[in-house]
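Novice: Before I ask anything, here is the structure I am working with.
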2 protein chains.
Amino acid sequence: MKNIITISREFGSGGRTIGKQVAQKLGIEFYDRDIITKVVEESGLTRKYVEHYGEFAPSADRFAYSFVGLDEDGSSPLTQLWKAREKVIRQFAQEKPCVIVGSCADYILRDREDCLRVFLYADDETKEERIREIYGKVGLKLKNQVQDMDKRRGLNYQYFTGQEWGKAQNYDLALNRGSLGIDKCVQLIVEAAEE
Amino acid sequence: MKNIITISREFGSGGRTIGKQVAQKLGIEFYDRDIITKVVEESGLTRKYVEHYGEFAPSADRFAYSFVGLDEDGSSPLTQLWKAREKVIRQFAQEKPCVIVGSCADYILRDREDCLRVFLYADDETKEERIREIYGKVGLKLKNQVQDMDKRRGLNYQYFTGQEWGKAQNYDLALNRGSLGIDKCVQLIVEAAEE
């Protein structure tokens, strides 16, 4: 039995929904937005900063350094964010079996053998359906923004981990939520986690 | 129920073994080396040529053009190889439900909605174990050759399909045979194929 399940996901692939259902079926904890709250507490950074750089890649826009100054040990806020994130996720994983969505948890917990690393992705049609659910309709601008969101998630992951996001070899299990559907994804993850 | 299961795989990830067991469990046909025999018949190319360019990417070594000349319609032997491969695989898939290992079948059958596209990969340790089984011991030269083999498979796939090999988004299901083990991989593929 795998004690920890990490879910990395493209936007619109139903990562939260699938993660929650997996946690319910296995009777274990589910962490998603809770991680941000804990990282804010842990790091002393603002929620806005943590949310922004938890999702997007630091760029040359200087925003990354504009909220807070250097820590007393001279580390930048980005390093503080990463350190806090590592600490929070390791702590969650230490306390009890759980499902963790996002936050590079697959990389942070890469040395734990009882961790199942899942990647969820979807075709454009499925993603657009999801955007329609959230925003009502899909304009070209929104479509571009969503494509942008995945690119940013990828860059963020690469920035912090040095690994390529969405490369099958970095996961135990990669599932196409578009072709398989939500229920089948839940079923396969549960099955993969069980002995 | 998915009628066709295509398995793309890294060397040493147990693609043949897993594919055979899946076919047995589902009571459907299994095609692997049979494809080469059929492509040889279909294309009029030599077995050596089909085996070589069925696995490796055409390069500047001119070997690709040294066995046979241009076809009567002016197409190169590489085009003949690809056309024959497409025809053979579409025919197999048309006749009855089956598992097909290798030969870019996932790409050739990309428009069939009843096709489950699987990618199997493994970590270096698992691959070395497999080489040890086949060759007795793992020297540095052999190790490099195996790494080379995956690179070549990747280039071959890219040459013929224009897609990236091993990119999760090109498959329905990507499984790490190293961490999951053979039995679990078989179980998950069967489960994903069933309604």
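Residue numbering restarts at 1 in every chain; chains get A, B, ... in the order shown in the structure tokens, and ligands count up from 1 in that same order.
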List every residue of range 63-162 of chain B that DSSP, applied to the backbone of this structure, places in helix (DSSP H, G or I), and write the result as a short mmCIF file (atom, residue, chain, number, x, y, z; two decimals) with all heavy atoms, in the first residue's frame.
Specialist:
data_model
loop_
_atom_site.label_atom_id
_atom_site.label_comp_id
_atom_site.auth_asym_id
_atom_site.auth_seq_id
_atom_site.Cartn_x
_atom_site.Cartn_y
_atom_site.Cartn_z
N PHE B 63 22.66 4.10 -45.35
CA PHE B 63 22.22 2.71 -45.28
C PHE B 63 20.74 2.62 -45.68
O PHE B 63 20.30 1.68 -46.33
CB PHE B 63 22.43 2.18 -43.86
CG PHE B 63 21.94 0.77 -43.63
CD1 PHE B 63 22.60 -0.32 -44.23
CD2 PHE B 63 20.83 0.51 -42.83
CE1 PHE B 63 22.15 -1.62 -44.02
CE2 PHE B 63 20.39 -0.79 -42.62
CZ PHE B 63 21.05 -1.85 -43.22
N ALA B 64 20.02 3.66 -45.31
CA ALA B 64 18.59 3.70 -45.58
C ALA B 64 18.27 3.54 -47.06
O ALA B 64 17.22 3.04 -47.44
CB ALA B 64 17.99 5.01 -45.07
N TYR B 65 19.21 3.95 -47.90
CA TYR B 65 18.93 3.91 -49.34
C TYR B 65 19.76 2.86 -50.08
O TYR B 65 19.70 2.75 -51.28
CB TYR B 65 19.19 5.29 -49.95
CG TYR B 65 18.26 6.31 -49.36
CD1 TYR B 65 18.61 7.03 -48.23
CD2 TYR B 65 16.97 6.48 -49.90
CE1 TYR B 65 17.73 7.93 -47.66
CE2 TYR B 65 16.09 7.38 -49.33
CZ TYR B 65 16.48 8.10 -48.21
OH TYR B 65 15.61 8.98 -47.64
N SER B 66 20.55 2.08 -49.33
CA SER B 66 21.53 1.22 -49.99
C SER B 66 20.99 -0.16 -50.35
O SER B 66 21.60 -0.86 -51.14
CB SER B 66 22.77 1.09 -49.11
OG SER B 66 22.42 0.42 -47.92
N PRO B 77 12.54 3.90 -50.15
CA PRO B 77 12.27 2.70 -49.36
C PRO B 77 11.75 3.04 -47.96
O PRO B 77 10.96 2.27 -47.39
CB PRO B 77 13.63 2.00 -49.28
CG PRO B 77 14.63 2.96 -49.82
CD PRO B 77 13.91 3.91 -50.70
N LEU B 78 12.16 4.18 -47.42
CA LEU B 78 11.65 4.55 -46.09
C LEU B 78 10.15 4.82 -46.14
O LEU B 78 9.40 4.47 -45.24
CB LEU B 78 12.37 5.80 -45.57
CG LEU B 78 13.73 5.54 -44.92
CD1 LEU B 78 14.39 6.85 -44.58
CD2 LEU B 78 13.58 4.66 -43.68
N THR B 79 9.72 5.47 -47.23
CA THR B 79 8.29 5.72 -47.40
C THR B 79 7.55 4.39 -47.60
O THR B 79 6.46 4.20 -47.06
CB THR B 79 8.04 6.63 -48.63
OG1 THR B 79 8.91 7.75 -48.53
CG2 THR B 79 6.61 7.10 -48.70
N GLN B 80 8.17 3.49 -48.35
CA GLN B 80 7.56 2.16 -48.55
C GLN B 80 7.41 1.43 -47.21
O GLN B 80 6.40 0.79 -46.95
CB GLN B 80 8.42 1.31 -49.49
CG GLN B 80 8.48 1.82 -50.92
CD GLN B 80 9.60 1.15 -51.71
OE1 GLN B 80 9.80 -0.05 -51.61
NE2 GLN B 80 10.34 1.92 -52.47
N LEU B 81 8.46 1.53 -46.41
CA LEU B 81 8.43 0.88 -45.09
C LEU B 81 7.27 1.44 -44.27
O LEU B 81 6.48 0.70 -43.68
CB LEU B 81 9.77 1.12 -44.36
CG LEU B 81 9.83 0.80 -42.86
CD1 LEU B 81 9.50 -0.66 -42.59
CD2 LEU B 81 11.21 1.11 -42.28
N TRP B 82 7.15 2.76 -44.25
CA TRP B 82 6.10 3.39 -43.45
C TRP B 82 4.72 3.04 -43.96
O TRP B 82 3.81 2.70 -43.19
CB TRP B 82 6.30 4.91 -43.41
CG TRP B 82 5.22 5.59 -42.60
CD1 TRP B 82 4.20 6.33 -43.07
CD2 TRP B 82 5.05 5.52 -41.18
NE1 TRP B 82 3.39 6.75 -42.05
CE2 TRP B 82 3.89 6.27 -40.87
CE3 TRP B 82 5.76 4.89 -40.15
CZ2 TRP B 82 3.42 6.41 -39.57
CZ3 TRP B 82 5.29 5.04 -38.84
CH2 TRP B 82 4.14 5.79 -38.57
N LYS B 83 4.55 3.07 -45.29
CA LYS B 83 3.24 2.75 -45.89
C LYS B 83 2.84 1.31 -45.57
O LYS B 83 1.68 1.04 -45.25
CB LYS B 83 3.30 2.93 -47.41
CG LYS B 83 3.07 4.35 -47.88
CD LYS B 83 2.95 4.36 -49.39
CE LYS B 83 2.92 5.77 -49.96
NZ LYS B 83 3.19 5.75 -51.41
N ALA B 84 3.82 0.40 -45.69
CA ALA B 84 3.54 -1.02 -45.42
C ALA B 84 3.17 -1.21 -43.95
O ALA B 84 2.24 -1.94 -43.61
CB ALA B 84 4.76 -1.87 -45.78
N ARG B 85 3.89 -0.51 -43.10
CA ARG B 85 3.64 -0.60 -41.67
C ARG B 85 2.22 -0.11 -41.33
O ARG B 85 1.49 -0.75 -40.57
CB ARG B 85 4.67 0.26 -40.95
CG ARG B 85 4.88 -0.10 -39.52
CD ARG B 85 5.65 1.01 -38.87
NE ARG B 85 6.92 0.58 -38.35
CZ ARG B 85 7.76 1.41 -37.72
NH1 ARG B 85 7.47 2.68 -37.61
NH2 ARG B 85 8.89 0.96 -37.23
N GLU B 86 1.88 1.02 -41.90
CA GLU B 86 0.54 1.58 -41.69
C GLU B 86 -0.54 0.59 -42.12
O GLU B 86 -1.51 0.35 -41.42
CB GLU B 86 0.37 2.86 -42.51
CG GLU B 86 0.74 4.13 -41.79
CD GLU B 86 0.36 5.36 -42.59
OE1 GLU B 86 0.52 5.34 -43.83
OE2 GLU B 86 -0.11 6.34 -41.97
N LYS B 87 -0.33 -0.01 -43.31
CA LYS B 87 -1.32 -0.92 -43.87
C LYS B 87 -1.48 -2.17 -42.99
O LYS B 87 -2.60 -2.57 -42.67
CB LYS B 87 -0.88 -1.33 -45.29
CG LYS B 87 -1.96 -2.03 -46.07
CD LYS B 87 -1.57 -2.23 -47.52
CE LYS B 87 -2.52 -3.24 -48.16
NZ LYS B 87 -2.09 -3.62 -49.51
N VAL B 88 -0.33 -2.74 -42.60
CA VAL B 88 -0.35 -3.97 -41.80
C VAL B 88 -1.04 -3.73 -40.45
O VAL B 88 -1.89 -4.51 -40.03
CB VAL B 88 1.10 -4.48 -41.57
CG1 VAL B 88 1.13 -5.55 -40.50
CG2 VAL B 88 1.68 -5.00 -42.88
N ILE B 89 -0.69 -2.63 -39.81
CA ILE B 89 -1.25 -2.36 -38.47
C ILE B 89 -2.74 -2.03 -38.56
O ILE B 89 -3.53 -2.51 -37.74
CB ILE B 89 -0.43 -1.24 -37.78
CG1 ILE B 89 0.89 -1.87 -37.32
CG2 ILE B 89 -1.19 -0.64 -36.61
CD1 ILE B 89 1.86 -0.92 -36.71
N ARG B 90 -3.13 -1.26 -39.57
CA ARG B 90 -4.56 -0.96 -39.72
C ARG B 90 -5.34 -2.24 -39.98
O ARG B 90 -6.46 -2.41 -39.49
CB ARG B 90 -4.77 0.03 -40.87
CG ARG B 90 -4.28 1.42 -40.52
CD ARG B 90 -5.14 2.53 -41.13
NE ARG B 90 -4.60 3.82 -40.75
CZ ARG B 90 -3.89 4.61 -41.56
NH1 ARG B 90 -3.68 4.26 -42.82
NH2 ARG B 90 -3.45 5.77 -41.13
N GLN B 91 -4.72 -3.15 -40.75
CA GLN B 91 -5.37 -4.42 -41.08
C GLN B 91 -5.55 -5.28 -39.82
O GLN B 91 -6.64 -5.79 -39.54
CB GLN B 91 -4.51 -5.16 -42.08
CG GLN B 91 -5.29 -6.13 -42.97
CD GLN B 91 -4.37 -6.67 -44.07
OE1 GLN B 91 -3.62 -5.91 -44.71
NE2 GLN B 91 -4.39 -7.98 -44.24
N PHE B 92 -4.47 -5.44 -39.05
CA PHE B 92 -4.55 -6.19 -37.79
C PHE B 92 -5.66 -5.61 -36.91
O PHE B 92 -6.47 -6.34 -36.34
CB PHE B 92 -3.22 -6.12 -37.04
CG PHE B 92 -2.17 -7.10 -37.50
CD1 PHE B 92 -0.82 -6.77 -37.46
CD2 PHE B 92 -2.51 -8.37 -37.96
CE1 PHE B 92 0.16 -7.67 -37.88
CE2 PHE B 92 -1.54 -9.28 -38.38
CZ PHE B 92 -0.21 -8.93 -38.34
N ALA B 93 -5.67 -4.29 -36.79
CA ALA B 93 -6.62 -3.62 -35.90
C ALA B 93 -8.05 -3.77 -36.42
O ALA B 93 -9.02 -3.72 -35.65
CB ALA B 93 -6.26 -2.15 -35.75
N GLN B 94 -8.17 -3.92 -37.74
CA GLN B 94 -9.49 -4.05 -38.36
C GLN B 94 -10.07 -5.45 -38.13
O GLN B 94 -11.26 -5.61 -37.90
CB GLN B 94 -9.35 -3.79 -39.88
CG GLN B 94 -10.64 -3.50 -40.60
CD GLN B 94 -11.37 -2.30 -40.02
OE1 GLN B 94 -10.76 -1.30 -39.65
NE2 GLN B 94 -12.69 -2.40 -39.89
N GLU B 95 -9.19 -6.45 -38.18
CA GLU B 95 -9.62 -7.85 -38.14
C GLU B 95 -10.25 -8.27 -36.81
O GLU B 95 -11.34 -8.83 -36.78
CB GLU B 95 -8.44 -8.77 -38.46
CG GLU B 95 -8.16 -8.86 -39.96
CD GLU B 95 -6.81 -9.48 -40.27
OE1 GLU B 95 -6.20 -10.05 -39.33
OE2 GLU B 95 -6.37 -9.38 -41.41
N ALA B 105 2.31 2.07 -33.48
CA ALA B 105 0.90 1.72 -33.66
C ALA B 105 -0.01 2.76 -33.01
O ALA B 105 -1.11 3.04 -33.52
CB ALA B 105 0.61 0.33 -33.11
N ASP B 106 0.43 3.34 -31.89
CA ASP B 106 -0.39 4.36 -31.21
C ASP B 106 -0.67 5.52 -32.15
O ASP B 106 -1.77 6.06 -32.19
CB ASP B 106 0.31 4.87 -29.95
CG ASP B 106 1.68 5.46 -30.26
OD1 ASP B 106 2.49 4.78 -30.92
OD2 ASP B 106 1.93 6.61 -29.87
N TYR B 107 0.35 5.90 -32.93
CA TYR B 107 0.19 7.03 -33.85
C TYR B 107 -0.64 6.62 -35.06
O TYR B 107 -1.55 7.35 -35.47
CB TYR B 107 1.58 7.52 -34.30
CG TYR B 107 1.51 8.65 -35.28
CD1 TYR B 107 1.26 9.95 -34.85
CD2 TYR B 107 1.65 8.43 -36.65
CE1 TYR B 107 1.18 10.99 -35.75
CE2 TYR B 107 1.56 9.47 -37.56
CZ TYR B 107 1.32 10.75 -37.10
OH TYR B 107 1.22 11.78 -37.99
N ILE B 108 -0.36 5.45 -35.61
CA ILE B 108 -1.07 4.98 -36.81
C ILE B 108 -2.57 4.84 -36.53
O ILE B 108 -3.40 5.14 -37.37
CB ILE B 108 -0.46 3.65 -37.30
CG1 ILE B 108 0.95 3.92 -37.85
CG2 ILE B 108 -1.33 2.98 -38.37
CD1 ILE B 108 1.79 2.69 -38.13
N ASP B 124 16.66 3.14 -14.51
CA ASP B 124 17.89 2.48 -14.96
C ASP B 124 18.13 1.14 -14.26
O ASP B 124 18.57 0.18 -14.88
CB ASP B 124 19.10 3.40 -14.72
CG ASP B 124 19.07 4.58 -15.68
OD1 ASP B 124 18.32 4.51 -16.67
OD2 ASP B 124 19.78 5.57 -15.44
N GLU B 125 17.83 1.09 -12.97
CA GLU B 125 18.07 -0.13 -12.20
C GLU B 125 17.26 -1.30 -12.77
O GLU B 125 17.79 -2.40 -12.96
CB GLU B 125 17.65 0.13 -10.75
CG GLU B 125 18.49 -0.58 -9.71
CD GLU B 125 18.11 -0.07 -8.32
OE1 GLU B 125 18.41 1.11 -8.02
OE2 GLU B 125 17.48 -0.82 -7.57
N THR B 126 16.00 -1.04 -13.04
CA THR B 126 15.12 -2.08 -13.59
C THR B 126 15.61 -2.52 -14.97
O THR B 126 15.62 -3.71 -15.29
CB THR B 126 13.68 -1.55 -13.72
OG1 THR B 126 13.28 -1.03 -12.47
CG2 THR B 126 12.72 -2.64 -14.14
N LYS B 127 16.06 -1.55 -15.76
CA LYS B 127 16.55 -1.89 -17.09
C LYS B 127 17.80 -2.75 -17.03
O LYS B 127 17.96 -3.70 -17.78
CB LYS B 127 16.87 -0.60 -17.86
CG LYS B 127 15.64 0.12 -18.35
CD LYS B 127 16.07 1.38 -19.08
CE LYS B 127 14.87 2.25 -19.38
NZ LYS B 127 15.27 3.57 -19.86
N GLU B 128 18.69 -2.39 -16.09
CA GLU B 128 19.94 -3.15 -15.95
C GLU B 128 19.66 -4.59 -15.54
O GLU B 128 20.32 -5.52 -16.00
CB GLU B 128 20.85 -2.48 -14.94
CG GLU B 128 21.60 -1.33 -15.57
CD GLU B 128 22.38 -0.51 -14.56
OE1 GLU B 128 22.81 -1.07 -13.53
OE2 GLU B 128 22.55 0.70 -14.79
N GLU B 129 18.68 -4.75 -14.67
CA GLU B 129 18.26 -6.09 -14.25
C GLU B 129 17.85 -6.91 -15.46
O GLU B 129 18.19 -8.08 -15.62
CB GLU B 129 17.07 -5.94 -13.31
CG GLU B 129 16.97 -6.98 -12.21
CD GLU B 129 15.84 -6.59 -11.27
OE1 GLU B 129 16.03 -5.68 -10.43
OE2 GLU B 129 14.74 -7.13 -11.42
N ARG B 130 17.12 -6.26 -16.32
CA ARG B 130 16.62 -6.91 -17.54
C ARG B 130 17.78 -7.29 -18.47
O ARG B 130 17.80 -8.38 -19.02
CB ARG B 130 15.65 -5.94 -18.25
CG ARG B 130 15.08 -6.45 -19.53
CD ARG B 130 13.91 -7.37 -19.30
NE ARG B 130 13.44 -7.89 -20.58
CZ ARG B 130 13.43 -9.18 -20.89
NH1 ARG B 130 13.80 -10.08 -20.02
NH2 ARG B 130 13.01 -9.58 -22.08
N ILE B 131 18.75 -6.39 -18.59
CA ILE B 131 19.92 -6.68 -19.44
C ILE B 131 20.68 -7.87 -18.86
O ILE B 131 21.15 -8.74 -19.59
CB ILE B 131 20.88 -5.47 -19.51
CG1 ILE B 131 20.13 -4.21 -19.94
CG2 ILE B 131 22.02 -5.74 -20.50
CD1 ILE B 131 20.93 -2.94 -19.72
N ARG B 132 20.79 -7.90 -17.53
CA ARG B 132 21.48 -8.99 -16.86
C ARG B 132 20.79 -10.32 -17.18
O ARG B 132 21.45 -11.32 -17.43
CB ARG B 132 21.49 -8.74 -15.34
CG ARG B 132 22.74 -9.28 -14.66
CD ARG B 132 22.81 -8.84 -13.22
NE ARG B 132 23.25 -7.47 -13.06
CZ ARG B 132 22.57 -6.50 -12.42
NH1 ARG B 132 21.42 -6.77 -11.85
NH2 ARG B 132 23.05 -5.28 -12.34
N GLU B 133 19.47 -10.29 -17.20
CA GLU B 133 18.71 -11.51 -17.54
C GLU B 133 19.04 -11.98 -18.96
O GLU B 133 19.16 -13.16 -19.23
CB GLU B 133 17.21 -11.22 -17.49
CG GLU B 133 16.57 -11.35 -16.11
CD GLU B 133 15.14 -10.81 -16.15
OE1 GLU B 133 14.43 -11.03 -17.16
OE2 GLU B 133 14.75 -10.16 -15.17
N ILE B 134 19.17 -11.02 -19.86
CA ILE B 134 19.38 -11.38 -21.27
C ILE B 134 20.84 -11.71 -21.55
O ILE B 134 21.17 -12.70 -22.18
CB ILE B 134 18.94 -10.21 -22.21
CG1 ILE B 134 17.46 -9.88 -21.98
CG2 ILE B 134 19.18 -10.60 -23.67
CD1 ILE B 134 16.99 -8.68 -22.80
N TYR B 135 21.77 -10.86 -21.06
CA TYR B 135 23.17 -11.00 -21.45
C TYR B 135 24.08 -11.56 -20.37
O TYR B 135 25.27 -11.71 -20.58
CB TYR B 135 23.72 -9.64 -21.91
CG TYR B 135 22.97 -9.03 -23.06
CD1 TYR B 135 22.03 -8.03 -22.85
CD2 TYR B 135 23.18 -9.46 -24.37
CE1 TYR B 135 21.33 -7.46 -23.89
CE2 TYR B 135 22.48 -8.91 -25.43
CZ TYR B 135 21.56 -7.90 -25.17
OH TYR B 135 20.87 -7.35 -26.21
N LEU B 140 29.88 -1.58 -18.95
CA LEU B 140 29.62 -0.17 -19.26
C LEU B 140 29.19 -0.01 -20.72
O LEU B 140 28.30 0.77 -21.05
CB LEU B 140 30.87 0.67 -18.97
CG LEU B 140 30.65 2.18 -19.16
CD1 LEU B 140 29.64 2.72 -18.16
CD2 LEU B 140 31.97 2.94 -19.01
N LYS B 141 29.83 -0.81 -21.59
CA LYS B 141 29.54 -0.71 -23.01
C LYS B 141 28.07 -1.07 -23.28
O LYS B 141 27.36 -0.37 -24.00
CB LYS B 141 30.47 -1.65 -23.79
CG LYS B 141 30.57 -1.29 -25.27
CD LYS B 141 31.47 -2.26 -26.01
CE LYS B 141 31.10 -2.30 -27.48
NZ LYS B 141 31.67 -3.48 -28.14
N LEU B 142 27.65 -2.17 -22.66
CA LEU B 142 26.29 -2.65 -22.84
C LEU B 142 25.29 -1.61 -22.32
O LEU B 142 24.26 -1.34 -22.92
CB LEU B 142 26.13 -3.97 -22.06
CG LEU B 142 25.03 -4.92 -22.51
CD1 LEU B 142 25.16 -5.23 -23.98
CD2 LEU B 142 25.10 -6.21 -21.71
N LYS B 143 25.65 -1.02 -21.17
CA LYS B 143 24.81 -0.01 -20.55
C LYS B 143 24.60 1.17 -21.51
O LYS B 143 23.49 1.65 -21.69
CB LYS B 143 25.52 0.49 -19.29
CG LYS B 143 24.62 0.64 -18.09
CD LYS B 143 25.47 0.72 -16.85
CE LYS B 143 24.98 1.78 -15.92
NZ LYS B 143 25.69 1.75 -14.62
N ASN B 144 25.68 1.60 -22.10
CA ASN B 144 25.60 2.70 -23.05
C ASN B 144 24.77 2.31 -24.27
O ASN B 144 24.01 3.12 -24.80
CB ASN B 144 27.00 3.12 -23.50
CG ASN B 144 27.75 3.83 -22.40
OD1 ASN B 144 27.13 4.36 -21.48
ND2 ASN B 144 29.07 3.83 -22.47
N GLN B 145 24.93 1.06 -24.70
CA GLN B 145 24.18 0.60 -25.87
C GLN B 145 22.67 0.63 -25.61
O GLN B 145 21.89 0.96 -26.49
CB GLN B 145 24.60 -0.82 -26.26
CG GLN B 145 25.89 -0.85 -27.08
CD GLN B 145 26.39 -2.26 -27.31
OE1 GLN B 145 25.91 -3.20 -26.70
NE2 GLN B 145 27.37 -2.39 -28.19
N VAL B 146 22.30 0.27 -24.38
CA VAL B 146 20.87 0.25 -24.05
C VAL B 146 20.31 1.67 -24.00
O VAL B 146 19.23 1.95 -24.52
CB VAL B 146 20.62 -0.48 -22.72
CG1 VAL B 146 19.20 -0.27 -22.25
CG2 VAL B 146 20.90 -1.96 -22.91
N GLN B 147 21.09 2.56 -23.41
CA GLN B 147 20.65 3.97 -23.39
C GLN B 147 20.51 4.48 -24.81
O GLN B 147 19.57 5.20 -25.15
CB GLN B 147 21.67 4.81 -22.62
CG GLN B 147 21.48 4.70 -21.11
CD GLN B 147 22.48 5.53 -20.34
OE1 GLN B 147 23.29 6.23 -20.93
NE2 GLN B 147 22.43 5.45 -19.03
N ASP B 148 21.44 4.06 -25.63
CA ASP B 148 21.43 4.41 -27.03
C ASP B 148 20.17 3.88 -27.73
O ASP B 148 19.58 4.56 -28.56
CB ASP B 148 22.66 3.77 -27.68
CG ASP B 148 23.28 4.70 -28.69
OD1 ASP B 148 23.40 5.88 -28.39
OD2 ASP B 148 23.63 4.23 -29.79
N MET B 149 19.80 2.68 -27.36
CA MET B 149 18.64 2.03 -27.98
C MET B 149 17.37 2.85 -27.75
O MET B 149 16.57 3.04 -28.66
CB MET B 149 18.50 0.63 -27.37
CG MET B 149 17.38 -0.15 -27.96
SD MET B 149 17.86 -1.69 -28.79
CE MET B 149 19.02 -2.46 -27.73
N ASP B 150 17.19 3.35 -26.51
CA ASP B 150 16.00 4.17 -26.22
C ASP B 150 16.05 5.48 -26.99
O ASP B 150 15.03 5.94 -27.50
CB ASP B 150 15.91 4.45 -24.71
CG ASP B 150 15.28 3.27 -23.98
OD1 ASP B 150 14.51 2.53 -24.62
OD2 ASP B 150 15.55 3.11 -22.79
N LYS B 151 17.25 6.05 -27.07
CA LYS B 151 17.39 7.29 -27.84
C LYS B 151 16.99 7.05 -29.28
O LYS B 151 16.31 7.86 -29.91
CB LYS B 151 18.84 7.79 -27.77
CG LYS B 151 19.09 8.68 -26.59
CD LYS B 151 20.46 9.35 -26.70
CE LYS B 151 20.96 9.71 -25.31
NZ LYS B 151 22.39 9.54 -25.18
N ARG B 152 17.44 5.91 -29.83
CA ARG B 152 17.14 5.60 -31.22
C ARG B 152 15.66 5.32 -31.44
O ARG B 152 15.08 5.74 -32.43
CB ARG B 152 17.96 4.40 -31.67
CG ARG B 152 19.41 4.75 -31.90
CD ARG B 152 20.21 3.51 -32.20
NE ARG B 152 21.60 3.84 -32.45
CZ ARG B 152 22.41 3.11 -33.19
NH1 ARG B 152 21.97 2.02 -33.77
NH2 ARG B 152 23.66 3.48 -33.38
N ARG B 153 15.06 4.60 -30.50
CA ARG B 153 13.62 4.37 -30.61
C ARG B 153 12.87 5.69 -30.62
O ARG B 153 11.92 5.88 -31.36
CB ARG B 153 13.12 3.53 -29.41
CG ARG B 153 13.35 2.07 -29.59
CD ARG B 153 12.64 1.26 -28.51
NE ARG B 153 12.92 -0.15 -28.66
CZ ARG B 153 12.67 -1.07 -27.77
NH1 ARG B 153 12.11 -0.74 -26.61
NH2 ARG B 153 12.94 -2.34 -27.98
N GLY B 154 13.33 6.59 -29.75
CA GLY B 154 12.70 7.91 -29.67
C GLY B 154 12.84 8.67 -30.98
O GLY B 154 11.88 9.27 -31.48
N LEU B 155 14.02 8.63 -31.55
CA LEU B 155 14.27 9.35 -32.81
C LEU B 155 13.48 8.73 -33.96
O LEU B 155 12.96 9.43 -34.82
CB LEU B 155 15.77 9.34 -33.13
CG LEU B 155 16.62 10.30 -32.30
CD1 LEU B 155 18.10 10.05 -32.55
CD2 LEU B 155 16.27 11.76 -32.64
N ASN B 156 13.41 7.40 -33.96
CA ASN B 156 12.66 6.69 -35.00
C ASN B 156 11.19 7.11 -34.96
O ASN B 156 10.57 7.44 -35.97
CB ASN B 156 12.79 5.18 -34.78
CG ASN B 156 12.03 4.37 -35.83
OD1 ASN B 156 10.83 4.15 -35.69
ND2 ASN B 156 12.71 3.95 -36.87
N TYR B 157 10.65 7.13 -33.73
CA TYR B 157 9.24 7.52 -33.53
C TYR B 157 9.02 8.95 -34.01
O TYR B 157 8.06 9.25 -34.73
CB TYR B 157 8.90 7.39 -32.05
CG TYR B 157 7.46 7.68 -31.71
CD1 TYR B 157 6.48 6.71 -31.78
CD2 TYR B 157 7.07 8.96 -31.31
CE1 TYR B 157 5.17 6.97 -31.47
CE2 TYR B 157 5.75 9.23 -31.00
CZ TYR B 157 4.81 8.23 -31.07
OH TYR B 157 3.50 8.52 -30.76
N GLN B 158 9.93 9.81 -33.64
CA GLN B 158 9.82 11.22 -34.00
C GLN B 158 9.94 11.40 -35.53
O GLN B 158 9.21 12.20 -36.12
CB GLN B 158 10.94 12.00 -33.30
CG GLN B 158 10.65 13.48 -33.18
CD GLN B 158 11.59 14.14 -32.19
OE1 GLN B 158 12.53 13.52 -31.68
NE2 GLN B 158 11.34 15.40 -31.89
N TYR B 159 10.84 10.63 -36.12
CA TYR B 159 11.04 10.72 -37.57
C TYR B 159 9.76 10.40 -38.32
O TYR B 159 9.35 11.11 -39.23
CB TYR B 159 12.16 9.76 -38.00
CG TYR B 159 12.42 9.78 -39.49
CD1 TYR B 159 13.29 10.69 -40.06
CD2 TYR B 159 11.77 8.88 -40.34
CE1 TYR B 159 13.52 10.72 -41.42
CE2 TYR B 159 11.99 8.90 -41.71
CZ TYR B 159 12.86 9.83 -42.24
OH TYR B 159 13.07 9.86 -43.58
N PHE B 160 9.11 9.30 -37.91
CA PHE B 160 7.95 8.83 -38.65
C PHE B 160 6.64 9.55 -38.27
O PHE B 160 5.74 9.68 -39.08
CB PHE B 160 7.76 7.32 -38.49
CG PHE B 160 8.72 6.50 -39.31
CD1 PHE B 160 9.63 5.65 -38.71
CD2 PHE B 160 8.70 6.59 -40.70
CE1 PHE B 160 10.52 4.91 -39.48
CE2 PHE B 160 9.59 5.84 -41.48
CZ PHE B 160 10.50 5.00 -40.86
N THR B 161 6.54 9.99 -37.02
CA THR B 161 5.26 10.53 -36.56
C THR B 161 5.28 12.05 -36.35
O THR B 161 4.22 12.67 -36.28
CB THR B 161 4.86 9.91 -35.20
OG1 THR B 161 5.75 10.42 -34.19
CG2 THR B 161 4.93 8.40 -35.23
#
Novice: Distance cut-off 10 Å, counting only C-alpha atoms - which residues of chain A neighbour chain B? Return them as number ranges by chain.
Specialist: A: 113, 115-123, 165-180, 184-185, 187-189, 191-195
Novice: Show me, as a list in words, the residues that have an atom within 7 Å of range 18-28 of chain B when counting only C-alpha atoms, minus same-chain residues fewer than 2 positions from it.
Specialist: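 Near range 18-28 of chain B, the qualifying residues are Gly14, Gly15, Arg16, Phe30, Pro97, Cys98, Val99, Val101, Ile182, Val186 and Val190 of chain B.
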Novice: Between CA of Glu51 in chain A and CA of Tyr31 in chain A, measure the distance and give it in Å to one decimal.
Specialist: 15.1 Å
Novice: Run DSSP on the backbone and tell me which residues of chain A come out as strand (DSSP E or B); list them as a list in words.
Specialist: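 So the strand (DSSP E or B) residues in chain A would be Ile4, Ile5, Thr6, Ile7, Ser8, Arg9, Glu29, Phe30, Tyr31, Cys98, Val99, Ile100, Val101, Cys115, Leu116, Arg117, Val118, Phe119, Leu120, Tyr121, Lys167, Leu173, Ala174, Leu175 and Asn176 of chain A.
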Novice: Using only C-alpha atoms, find the one residue out of A:Glu164, A:Asp183, A:Asp114, A:Glu41 that sits nearest to Thr6 in chain A.
Specialist: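 That would be A:Asp114, the residue with the smallest distance to Thr6 in chain A.
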